[in-house]
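What's in work-v8.pdb: PDB, C-alpha atoms and all ligand atoms
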ATOM      1  CA  MET A   1      70.031  22.874 -33.803  1.00  0.00           C
ATOM      2  CA  SER A   2      70.391  25.432 -36.612  1.00  0.00           C
ATOM      3  CA  ASN A   3      69.992  29.162 -36.302  1.00  0.00           C
ATOM      4  CA  ASN A   4      66.772  29.094 -38.259  1.00  0.00           C
ATOM      5  CA  PRO A   5      64.311  31.222 -36.190  1.00  0.00           C
ATOM      6  CA  ASN A   6      61.434  28.956 -37.227  1.00  0.00           C
ATOM      7  CA  GLU A   7      63.175  25.962 -35.760  1.00  0.00           C
ATOM      8  CA  ALA A   8      63.847  27.833 -32.527  1.00  0.00           C
ATOM      9  CA  ALA A   9      60.150  28.651 -32.277  1.00  0.00           C
ATOM     10  CA  GLU A  10      59.330  24.994 -32.915  1.00  0.00           C
ATOM     11  CA  ALA A  11      61.773  23.946 -30.170  1.00  0.00           C
ATOM     12  CA  ASP A  12      59.988  26.255 -27.709  1.00  0.00           C
ATOM     13  CA  LYS A  13      56.786  24.313 -28.239  1.00  0.00           C
ATOM     14  CA  LEU A  14      58.420  20.982 -27.380  1.00  0.00           C
ATOM     15  CA  SER A  15      57.782  19.338 -24.058  1.00  0.00           C
ATOM     16  CA  GLY A  16      61.355  18.146 -23.758  1.00  0.00           C
ATOM     17  CA  HIS A  17      60.144  14.573 -23.649  1.00  0.00           C
ATOM     18  CA  GLN A  18      61.684  12.310 -26.236  1.00  0.00           C
ATOM     19  CA  TYR A  19      61.476   8.593 -26.908  1.00  0.00           C
ATOM     20  CA  ASP A  20      63.029   6.663 -29.789  1.00  0.00           C
ATOM     21  CA  GLY A  21      63.860   9.997 -31.357  1.00  0.00           C
ATOM     22  CA  ILE A  22      60.248  11.052 -31.342  1.00  0.00           C
ATOM     23  CA  GLN A  23      59.694  14.446 -29.742  1.00  0.00           C
ATOM     24  CA  GLU A  24      56.479  15.644 -28.168  1.00  0.00           C
ATOM     25  CA  TYR A  25      54.803  19.044 -28.442  1.00  0.00           C
ATOM     26  CA  ASP A  26      53.659  20.623 -25.188  1.00  0.00           C
ATOM     27  CA  ASN A  27      49.943  21.082 -26.008  1.00  0.00           C
ATOM     28  CA  PRO A  28      47.931  21.272 -22.808  1.00  0.00           C
ATOM     29  CA  THR A  29      44.196  20.491 -23.090  1.00  0.00           C
ATOM     30  CA  PRO A  30      42.305  23.775 -23.517  1.00  0.00           C
ATOM     31  CA  GLY A  31      40.588  25.399 -20.551  1.00  0.00           C
ATOM     32  CA  TRP A  32      37.070  24.871 -21.959  1.00  0.00           C
ATOM     33  CA  TRP A  33      37.800  21.142 -22.215  1.00  0.00           C
ATOM     34  CA  ASN A  34      38.926  20.955 -18.587  1.00  0.00           C
ATOM     35  CA  TRP A  35      35.823  22.796 -17.453  1.00  0.00           C
ATOM     36  CA  LEU A  36      33.639  20.479 -19.500  1.00  0.00           C
ATOM     37  CA  PHE A  37      35.262  17.571 -17.668  1.00  0.00           C
ATOM     38  CA  VAL A  38      34.737  19.232 -14.280  1.00  0.00           C
ATOM     39  CA  ALA A  39      31.103  19.858 -15.203  1.00  0.00           C
ATOM     40  CA  THR A  40      30.493  16.181 -16.073  1.00  0.00           C
ATOM     41  CA  VAL A  41      32.000  15.123 -12.741  1.00  0.00           C
ATOM     42  CA  ALA A  42      29.861  17.675 -10.866  1.00  0.00           C
ATOM     43  CA  LEU A  43      26.677  16.643 -12.699  1.00  0.00           C
ATOM     44  CA  ALA A  44      27.165  12.887 -12.320  1.00  0.00           C
ATOM     45  CA  PRO A  45      25.813  12.664  -8.720  1.00  0.00           C
ATOM     46  CA  VAL A  46      22.793  14.785  -9.663  1.00  0.00           C
ATOM     47  CA  TYR A  47      22.120  12.497 -12.625  1.00  0.00           C
ATOM     48  CA  LEU A  48      22.469   9.408 -10.434  1.00  0.00           C
ATOM     49  CA  LEU A  49      20.032  10.810  -7.876  1.00  0.00           C
ATOM     50  CA  VAL A  50      17.454  11.860 -10.430  1.00  0.00           C
ATOM     51  CA  PHE A  51      17.513   8.832 -12.692  1.00  0.00           C
ATOM     52  CA  HIS A  52      18.732   5.950 -10.547  1.00  0.00           C
ATOM     53  CA  SER A  53      17.935   6.583  -6.878  1.00  0.00           C
ATOM     54  CA  PRO A  54      15.416   4.057  -5.585  1.00  0.00           C
ATOM     55  CA  TYR A  55      14.222   6.717  -3.110  1.00  0.00           C
ATOM     56  CA  GLN A  56      12.411   8.810  -5.653  1.00  0.00           C
ATOM     57  CA  ALA A  57       9.677   7.877  -8.046  1.00  0.00           C
ATOM     58  CA  ASN A  58      11.119   9.246 -11.282  1.00  0.00           C
ATOM     59  CA  THR A  59      13.884   6.855 -12.267  1.00  0.00           C
ATOM     60  CA  LEU A  60      13.861   5.600 -15.852  1.00  0.00           C
ATOM     61  CA  ALA A  61      12.734   2.203 -14.582  1.00  0.00           C
ATOM     62  CA  ALA A  62       9.911   3.852 -12.604  1.00  0.00           C
ATOM     63  CA  GLN A  63       8.873   5.878 -15.633  1.00  0.00           C
ATOM     64  CA  TYR A  64       8.670   2.685 -17.649  1.00  0.00           C
ATOM     65  CA  ASP A  65       6.658   0.928 -14.930  1.00  0.00           C
ATOM     66  CA  ARG A  66       4.298   3.900 -14.753  1.00  0.00           C
ATOM     67  CA  ALA A  67       3.722   3.877 -18.494  1.00  0.00           C
ATOM     68  CA  TYR A  68       3.085   0.139 -18.283  1.00  0.00           C
ATOM     69  CA  ALA A  69       0.605   0.557 -15.419  1.00  0.00           C
ATOM     70  CA  GLU A  70      -1.042   3.470 -17.208  1.00  0.00           C
ATOM     71  CA  ASN A  71      -1.602   1.140 -20.118  1.00  0.00           C
ATOM     72  CA  LEU A  72      -3.086  -1.503 -17.818  1.00  0.00           C
ATOM     73  CA  ARG A  73      -5.374   1.086 -16.241  1.00  0.00           C
ATOM     74  CA  LEU A  74      -6.850   1.636 -19.695  1.00  0.00           C
ATOM     75  CA  GLN A  75      -7.982  -1.977 -19.408  1.00  0.00           C
ATOM     76  CA  PHE A  76      -9.764  -1.473 -16.063  1.00  0.00           C
ATOM     77  CA  GLY A  77     -13.015  -2.132 -17.961  1.00  0.00           C
ATOM     78  CA  GLU A  78     -11.930  -5.790 -18.063  1.00  0.00           C
ATOM     79  CA  ILE A  79     -12.187  -6.166 -14.283  1.00  0.00           C
ATOM     80  CA  GLY A  80     -14.996  -3.700 -13.613  1.00  0.00           C
ATOM     81  CA  THR A  81     -14.903  -1.854 -10.276  1.00  0.00           C
ATOM     82  CA  LEU A  82     -13.211  -3.936  -7.599  1.00  0.00           C
ATOM     83  CA  GLU A  83     -14.686  -4.042  -4.101  1.00  0.00           C
ATOM     84  CA  PRO A  84     -12.214  -4.056  -1.186  1.00  0.00           C
ATOM     85  CA  THR A  85     -13.360  -7.449   0.126  1.00  0.00           C
ATOM     86  CA  GLN A  86     -11.254 -10.248   1.546  1.00  0.00           C
ATOM     87  CA  GLU A  87     -11.800 -12.465  -1.528  1.00  0.00           C
ATOM     88  CA  THR A  88     -10.862  -9.702  -3.979  1.00  0.00           C
ATOM     89  CA  LEU A  89      -7.725  -8.729  -2.070  1.00  0.00           C
ATOM     90  CA  LEU A  90      -6.580 -12.338  -1.807  1.00  0.00           C
ATOM     91  CA  GLU A  91      -7.325 -12.893  -5.486  1.00  0.00           C
ATOM     92  CA  TYR A  92      -5.333  -9.863  -6.678  1.00  0.00           C
ATOM     93  CA  MET A  93      -2.448 -10.305  -4.231  1.00  0.00           C
ATOM     94  CA  ASP A  94      -0.747 -12.798  -6.565  1.00  0.00           C
ATOM     95  CA  ASP A  95      -2.280 -11.840  -9.876  1.00  0.00           C
ATOM     96  CA  PRO A  96       0.680 -11.669 -12.274  1.00  0.00           C
ATOM     97  CA  LYS A  97      -0.854  -8.966 -14.471  1.00  0.00           C
ATOM     98  CA  TRP A  98      -2.771  -6.706 -12.105  1.00  0.00           C
ATOM     99  CA  SER A  99      -0.296  -6.763  -9.224  1.00  0.00           C
ATOM    100  CA  ALA A 100       1.895  -4.531 -11.459  1.00  0.00           C
ATOM    101  CA  VAL A 101      -0.644  -1.716 -11.037  1.00  0.00           C
ATOM    102  CA  GLY A 102      -0.523  -2.099  -7.243  1.00  0.00           C
ATOM    103  CA  ALA A 103       3.286  -2.128  -7.234  1.00  0.00           C
ATOM    104  CA  VAL A 104       3.487   1.007  -9.387  1.00  0.00           C
ATOM    105  CA  THR A 105       0.841   2.841  -7.339  1.00  0.00           C
ATOM    106  CA  PHE A 106       2.950   2.047  -4.279  1.00  0.00           C
ATOM    107  CA  LYS A 107       6.177   3.269  -5.951  1.00  0.00           C
ATOM    108  CA  THR A 108       4.477   6.472  -7.083  1.00  0.00           C
ATOM    109  CA  HIS A 109       2.614   7.498  -3.913  1.00  0.00           C
ATOM    110  CA  CYS A 110       3.823   5.532  -0.898  1.00  0.00           C
ATOM    111  CA  ILE A 111       7.609   5.085  -0.897  1.00  0.00           C
ATOM    112  CA  THR A 112       8.332   8.579   0.452  1.00  0.00           C
ATOM    113  CA  CYS A 113       6.942   7.436   3.822  1.00  0.00           C
ATOM    114  CA  HIS A 114       7.011   3.632   3.616  1.00  0.00           C
ATOM    115  CA  GLY A 115      10.340   3.143   1.797  1.00  0.00           C
ATOM    116  CA  PRO A 116      11.038   1.723  -1.681  1.00  0.00           C
ATOM    117  CA  GLU A 117      10.479  -1.825  -0.459  1.00  0.00           C
ATOM    118  CA  GLY A 118       7.938  -1.077   2.265  1.00  0.00           C
ATOM    119  CA  GLY A 119      10.448  -1.272   5.127  1.00  0.00           C
ATOM    120  CA  GLY A 120       9.184   2.046   6.494  1.00  0.00           C
ATOM    121  CA  ILE A 121      10.661   5.564   6.835  1.00  0.00           C
ATOM    122  CA  SER A 122       8.240   7.940   8.587  1.00  0.00           C
ATOM    123  CA  GLY A 123       5.425   5.430   8.012  1.00  0.00           C
ATOM    124  CA  PRO A 124       5.551   1.972   9.617  1.00  0.00           C
ATOM    125  CA  ASN A 125       7.263  -1.105   8.213  1.00  0.00           C
ATOM    126  CA  LEU A 126       4.734  -2.942   6.025  1.00  0.00           C
ATOM    127  CA  THR A 127       6.867  -6.075   5.622  1.00  0.00           C
ATOM    128  CA  ASP A 128       6.727  -7.475   9.164  1.00  0.00           C
ATOM    129  CA  ASN A 129       3.927  -9.307  10.958  1.00  0.00           C
ATOM    130  CA  ARG A 130       2.637  -6.486  13.150  1.00  0.00           C
ATOM    131  CA  TYR A 131       0.054  -3.819  12.319  1.00  0.00           C
ATOM    132  CA  ILE A 132      -1.243  -0.699  14.071  1.00  0.00           C
ATOM    133  CA  ASN A 133      -4.560  -0.265  12.246  1.00  0.00           C
ATOM    134  CA  VAL A 134      -5.023  -3.621  10.561  1.00  0.00           C
ATOM    135  CA  LYS A 135      -6.664  -6.740  11.980  1.00  0.00           C
ATOM    136  CA  LYS A 136      -7.998  -8.287   8.785  1.00  0.00           C
ATOM    137  CA  ILE A 137      -6.706  -8.024   5.221  1.00  0.00           C
ATOM    138  CA  GLU A 138      -9.619  -5.747   4.193  1.00  0.00           C
ATOM    139  CA  ASP A 139      -8.540  -3.191   6.829  1.00  0.00           C
ATOM    140  CA  ILE A 140      -5.530  -2.385   4.628  1.00  0.00           C
ATOM    141  CA  ALA A 141      -7.851  -1.078   1.915  1.00  0.00           C
ATOM    142  CA  GLY A 142      -9.756   0.865   4.595  1.00  0.00           C
ATOM    143  CA  VAL A 143      -6.576   2.583   5.843  1.00  0.00           C
ATOM    144  CA  VAL A 144      -5.527   3.429   2.285  1.00  0.00           C
ATOM    145  CA  GLN A 145      -9.003   4.743   1.479  1.00  0.00           C
ATOM    146  CA  ASN A 146      -9.529   6.827   4.642  1.00  0.00           C
ATOM    147  CA  GLY A 147      -6.024   7.458   6.031  1.00  0.00           C
ATOM    148  CA  ALA A 148      -4.987   7.080   9.683  1.00  0.00           C
ATOM    149  CA  LYS A 149      -3.538   8.974  12.628  1.00  0.00           C
ATOM    150  CA  ALA A 150      -5.244  12.259  11.729  1.00  0.00           C
ATOM    151  CA  GLY A 151      -3.750  12.384   8.243  1.00  0.00           C
ATOM    152  CA  ALA A 152      -0.185  11.340   9.111  1.00  0.00           C
ATOM    153  CA  MET A 153      -1.185   8.481   6.835  1.00  0.00           C
ATOM    154  CA  PRO A 154      -3.061  10.412   4.119  1.00  0.00           C
ATOM    155  CA  ALA A 155      -6.451   9.291   2.774  1.00  0.00           C
ATOM    156  CA  TRP A 156      -6.151   8.160  -0.834  1.00  0.00           C
ATOM    157  CA  GLY A 157      -9.826   7.482  -1.526  1.00  0.00           C
ATOM    158  CA  ASN A 158     -10.360  10.744  -3.381  1.00  0.00           C
ATOM    159  CA  ARG A 159      -7.024  10.648  -5.203  1.00  0.00           C
ATOM    160  CA  LEU A 160      -6.856   7.102  -6.550  1.00  0.00           C
ATOM    161  CA  HIS A 161      -9.200   5.086  -8.743  1.00  0.00           C
ATOM    162  CA  PRO A 162     -11.137   2.568  -6.567  1.00  0.00           C
ATOM    163  CA  ASN A 163      -9.326  -0.235  -8.396  1.00  0.00           C
ATOM    164  CA  GLU A 164      -5.964   1.352  -7.554  1.00  0.00           C
ATOM    165  CA  VAL A 165      -6.951   1.425  -3.873  1.00  0.00           C
ATOM    166  CA  VAL A 166      -7.774  -2.293  -3.999  1.00  0.00           C
ATOM    167  CA  LEU A 167      -4.696  -3.209  -6.050  1.00  0.00           C
ATOM    168  CA  VAL A 168      -2.259  -1.211  -3.902  1.00  0.00           C
ATOM    169  CA  ALA A 169      -3.863  -2.727  -0.775  1.00  0.00           C
ATOM    170  CA  ALA A 170      -3.377  -6.201  -2.276  1.00  0.00           C
ATOM    171  CA  TYR A 171       0.239  -5.269  -3.011  1.00  0.00           C
ATOM    172  CA  VAL A 172       0.753  -4.105   0.596  1.00  0.00           C
ATOM    173  CA  ALA A 173      -0.793  -7.391   1.794  1.00  0.00           C
ATOM    174  CA  SER A 174       1.731  -9.272  -0.362  1.00  0.00           C
ATOM    175  CA  LEU A 175       4.606  -7.440   1.378  1.00  0.00           C
ATOM    176  CA  ARG A 176       3.698  -9.014   4.708  1.00  0.00           C
ATOM    177  CA  GLY A 177       6.422 -11.256   6.119  1.00  0.00           C
ATOM    178  CA  LYS A 178       9.063 -10.178   3.583  1.00  0.00           C
ATOM    179  CA  ASN A 179      10.962  -8.506   6.447  1.00  0.00           C
ATOM    180  CA  VAL A 180      13.101  -6.453   4.077  1.00  0.00           C
ATOM    181  CA  PRO A 181      16.637  -5.714   5.325  1.00  0.00           C
ATOM    182  CA  GLY A 182      17.060  -2.328   7.020  1.00  0.00           C
ATOM    183  CA  GLY A 183      13.332  -2.021   7.765  1.00  0.00           C
ATOM    184  CA  LYS A 184      11.978  -0.168  10.823  1.00  0.00           C
ATOM    185  CA  PRO A 185      11.296  -2.176  13.981  1.00  0.00           C
ATOM    186  CA  ALA A 186       7.808  -3.709  14.006  1.00  0.00           C
ATOM    187  CA  GLU A 187       4.989  -1.612  15.520  1.00  0.00           C
ATOM    188  CA  GLY A 188       1.512  -2.577  16.688  1.00  0.00           C
ATOM    189  CA  ASN A 189       0.059  -6.016  17.258  1.00  0.00           C
ATOM    190  CA  GLU A 190       0.731  -9.354  15.690  1.00  0.00           C
ATOM    191  CA  ILE A 191      -2.371 -10.477  13.768  1.00  0.00           C
ATOM    192  CA  PRO A 192      -3.501 -13.843  12.338  1.00  0.00           C
ATOM    193  CA  ALA A 193      -2.105 -14.873   8.944  1.00  0.00           C
ATOM    194  CA  TRP A 194      -4.167 -13.850   5.876  1.00  0.00           C
ATOM    195  CA  PRO A 195      -6.767 -16.499   5.060  1.00  0.00           C
ATOM    196  CA  GLU A 196      -6.008 -18.993   2.273  1.00  0.00           C
ATOM    197  CA  SER A 197      -7.376 -17.780  -1.051  1.00  0.00           C
TER     198      SER A 197
HETATM  199  C1  LIG B   1       2.983  11.162   4.305  1.00  0.00           C
HETATM  200  C2  LIG B   1       3.467   9.856   4.671  1.00  0.00           C
HETATM  201  C3  LIG B   1       2.698   8.642   4.160  1.00  0.00           C
HETATM  202  C4  LIG B   1       2.378   8.311   2.861  1.00  0.00           C
HETATM  203  C5  LIG B   1       2.668   9.096   1.599  1.00  0.00           C
HETATM  204  C6  LIG B   1       1.720   7.028   2.926  1.00  0.00           C
HETATM  205  N1  LIG B   1       1.655   6.604   4.221  1.00  0.00           N
HETATM  206 FE1  LIG B   1       0.823   4.872   4.868  1.00  0.00          FE
HETATM  207  N2  LIG B   1       1.193   5.421   6.777  1.00  0.00           N
HETATM  208  C7  LIG B   1       1.846   6.549   7.213  1.00  0.00           C
HETATM  209  C8  LIG B   1       1.875   6.599   8.665  1.00  0.00           C
HETATM  210  C9  LIG B   1       2.526   7.673   9.517  1.00  0.00           C
HETATM  211  C10 LIG B   1       1.189   5.454   9.102  1.00  0.00           C
HETATM  212  C11 LIG B   1       0.952   5.020  10.563  1.00  0.00           C
HETATM  213  C12 LIG B   1      -0.393   5.513  11.034  1.00  0.00           C
HETATM  214  C13 LIG B   1      -0.628   5.157  12.486  1.00  0.00           C
HETATM  215  O1  LIG B   1       0.341   5.125  13.255  1.00  0.00           O
HETATM  216  O2  LIG B   1      -1.802   4.912  12.836  1.00  0.00           O
HETATM  217  C14 LIG B   1       0.790   4.729   7.909  1.00  0.00           C
HETATM  218  C15 LIG B   1       0.095   3.544   7.922  1.00  0.00           C
HETATM  219  C16 LIG B   1      -0.215   2.790   6.817  1.00  0.00           C
HETATM  220  C17 LIG B   1      -0.858   1.503   6.839  1.00  0.00           C
HETATM  221  C18 LIG B   1      -1.294   0.775   8.088  1.00  0.00           C
HETATM  222  C19 LIG B   1      -0.112   0.102   8.731  1.00  0.00           C
HETATM  223  C20 LIG B   1      -0.426  -0.397  10.125  1.00  0.00           C
HETATM  224  O3  LIG B   1       0.488  -0.964  10.725  1.00  0.00           O
HETATM  225  O4  LIG B   1      -1.549  -0.220  10.583  1.00  0.00           O
HETATM  226  C21 LIG B   1      -0.959   1.062   5.543  1.00  0.00           C
HETATM  227  C22 LIG B   1      -1.548  -0.244   5.074  1.00  0.00           C
HETATM  228  C23 LIG B   1      -0.408   2.102   4.721  1.00  0.00           C
HETATM  229  N3  LIG B   1       0.038   3.140   5.496  1.00  0.00           N
HETATM  230  C24 LIG B   1      -0.360   2.029   3.338  1.00  0.00           C
HETATM  231  C25 LIG B   1       0.017   3.109   2.547  1.00  0.00           C
HETATM  232  C26 LIG B   1      -0.121   3.120   1.109  1.00  0.00           C
HETATM  233  C27 LIG B   1      -0.621   1.964   0.261  1.00  0.00           C
HETATM  234  C28 LIG B   1       0.309   4.341   0.679  1.00  0.00           C
HETATM  235  C29 LIG B   1       0.319   4.898  -0.726  1.00  0.00           C
HETATM  236  C30 LIG B   1      -0.934   4.872  -1.455  1.00  0.00           C
HETATM  237  C31 LIG B   1       0.728   5.087   1.859  1.00  0.00           C
HETATM  238  N4  LIG B   1       0.532   4.310   2.969  1.00  0.00           N
HETATM  239  C32 LIG B   1       1.257   6.364   1.827  1.00  0.00           C
HETATM  240  C33 LIG B   1       2.385   7.500   6.388  1.00  0.00           C
HETATM  241  C34 LIG B   1       2.246   7.557   5.010  1.00  0.00           C
END

Write-out of the structure in structure tokens:
Amino acid sequence: MSNNPNEAAEADKLSGHQYDGIQEYDNPTPGWWNWLFVATVALAPVYLLVFHSPYQANTLAAQYDRAYAENLRLQFGEIGTLEPTQETLLEYMDDPKWSAVGAVTFKTHCITCHGPEGGGISGPNLTDNRYINVKKIEDIAGVVQNGAKAGAMPAWGNRLHPNEVVLVAAYVASLRGKNVPGGKPAEGNEIPAWPES
């Protein structure tokens, strides 16, 4: 060390750590940088909930599905107005194109009560073999249209396009027997299998 005041000042800034003759300055990361880091950590769970939680209908994947279904709805002219009959429900249950509209309608309006996969939250499990208000496949469309249990299950007839009612009912029919893990215990009565289409 010399007596040069500049060098003394330089030495003050050193961390004291030395390796292979290389000395290190003691430059802590600035406060704003640390706070930025803390902010990213604090925001991460919020981001995860908003964009990736399967329990809400606004994830990026859901937004994409909605845009896709919206596009399909523009083509409703192709299928005319669907009637909620047994044949129509059976036909659209496995339709590769139109079942997407039913699935998205379900994700948008039904998962808050019936769960992302239909296993049930406040509403009943739709993936088992028992039903409270349904004896035949067409009853599903009736419950969706008119609601049940004094509005605990809301009526969707005045909020959805008639084709959406039919397509979401067909989607619900397709959930039968999937018995998704973590679903609510079955409620109601066991009913005969859906007829063959
Ligand atoms: C606010 C909560 C809520 C929402 C949202 C909701 N449901 Fe329901 N749903 C219920 C409840 C509660 C019942 C049970 C009614 C009963 O016990 O009679 C039910 C019953 C049903 C049933 C009859 C099940 C059975 O066992 O009889 C079907 C089918 C159904 N919902 C489909 C849907 C569809 C499709 C949507 C979206 C378009 C939807 N629900 C949205 C609460 C909800």

| task | Report the residues retrieved by the PyMOL selection byres (((not hetatm)) within 7 of (chain B and resi 1)) from the displayed file, expressed as JSON, numbers by chain. | result | {"A": [105, 106, 109, 110, 111, 112, 113, 114, 122, 123, 124, 126, 130, 131, 132, 133, 134, 140, 143, 144, 148, 149, 152, 153, 154, 156, 168, 169, 172, 187, 188]}

Output C-alpha atoms of each residue in that selection to a file, as an mmCIF file, keeping the file's coordinate frame.
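The file below, out.cif, is the result:
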data_model
loop_
_atom_site.group_PDB
_atom_site.id
_atom_site.type_symbol
_atom_site.label_atom_id
_atom_site.label_comp_id
_atom_site.auth_asym_id
_atom_site.auth_seq_id
_atom_site.Cartn_x
_atom_site.Cartn_y
_atom_site.Cartn_z
ATOM 1 C CA THR A 105 0.841 2.841 -7.339
ATOM 2 C CA PHE A 106 2.950 2.047 -4.279
ATOM 3 C CA HIS A 109 2.614 7.498 -3.913
ATOM 4 C CA CYS A 110 3.823 5.532 -0.898
ATOM 5 C CA ILE A 111 7.609 5.085 -0.897
ATOM 6 C CA THR A 112 8.332 8.579 0.452
ATOM 7 C CA CYS A 113 6.942 7.436 3.822
ATOM 8 C CA HIS A 114 7.011 3.632 3.616
ATOM 9 C CA SER A 122 8.240 7.940 8.587
ATOM 10 C CA GLY A 123 5.425 5.430 8.012
ATOM 11 C CA PRO A 124 5.551 1.972 9.617
ATOM 12 C CA LEU A 126 4.734 -2.942 6.025
ATOM 13 C CA ARG A 130 2.637 -6.486 13.150
ATOM 14 C CA TYR A 131 0.054 -3.819 12.319
ATOM 15 C CA ILE A 132 -1.243 -0.699 14.071
ATOM 16 C CA ASN A 133 -4.560 -0.265 12.246
ATOM 17 C CA VAL A 134 -5.023 -3.621 10.561
ATOM 18 C CA ILE A 140 -5.530 -2.385 4.628
ATOM 19 C CA VAL A 143 -6.576 2.583 5.843
ATOM 20 C CA VAL A 144 -5.527 3.429 2.285
ATOM 21 C CA ALA A 148 -4.987 7.080 9.683
ATOM 22 C CA LYS A 149 -3.538 8.974 12.628
ATOM 23 C CA ALA A 152 -0.185 11.340 9.111
ATOM 24 C CA MET A 153 -1.185 8.481 6.835
ATOM 25 C CA PRO A 154 -3.061 10.412 4.119
ATOM 26 C CA TRP A 156 -6.151 8.160 -0.834
ATOM 27 C CA VAL A 168 -2.259 -1.211 -3.902
ATOM 28 C CA ALA A 169 -3.863 -2.727 -0.775
ATOM 29 C CA VAL A 172 0.753 -4.105 0.596
ATOM 30 C CA GLU A 187 4.989 -1.612 15.520
ATOM 31 C CA GLY A 188 1.512 -2.577 16.688
#

| query | Written as a PyMOL selection string, which residues does the PyMOL selection byres (((chain A and resi 62-68) around 9) and not hetatm) give for the file shown? | reply | chain A and resi 54+56-61+69-73+100-101+103-105+107-108

| said: as a ChimeraX atom specification, please: the residues near range 77-89 of chain A (cut-off 7 Å, all atoms listed in the file, same-chain neighbours under 5 positions excluded). | reply: /A:137-138,141,162-163,166,170,197

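In this structure, CA of Ala173 in chain A sits 13.2 Å away from CA of Gly119 in chain A.
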
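Between CA of Arg159 in chain A and CA of Glu91 in chain A the interatomic distance comes to 23.5 Å.
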
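Among the candidate residues A:His17, A:Gly157, A:Asn129, A:Gly151, the one lying nearest to Arg176 in chain A is A:Asn129, with distances computed using only C-alpha atoms.
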
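What separates CA of Gly142 in chain A from CA of Gly102 in chain A is a distance of 15.3 Å.
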
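Counting only C-alpha atoms and comparing A:Phe76, A:Trp35, A:Ile191, A:Lys136, the residue that lies closest to His161 in chain A is A:Phe76.
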
| Out of A:Lys13, A:Lys97, A:His52, A:Lys184, which residue has the shortest atom-to-atom distance to Leu167 in chain A when counting only C-alpha atoms? | A:Lys97
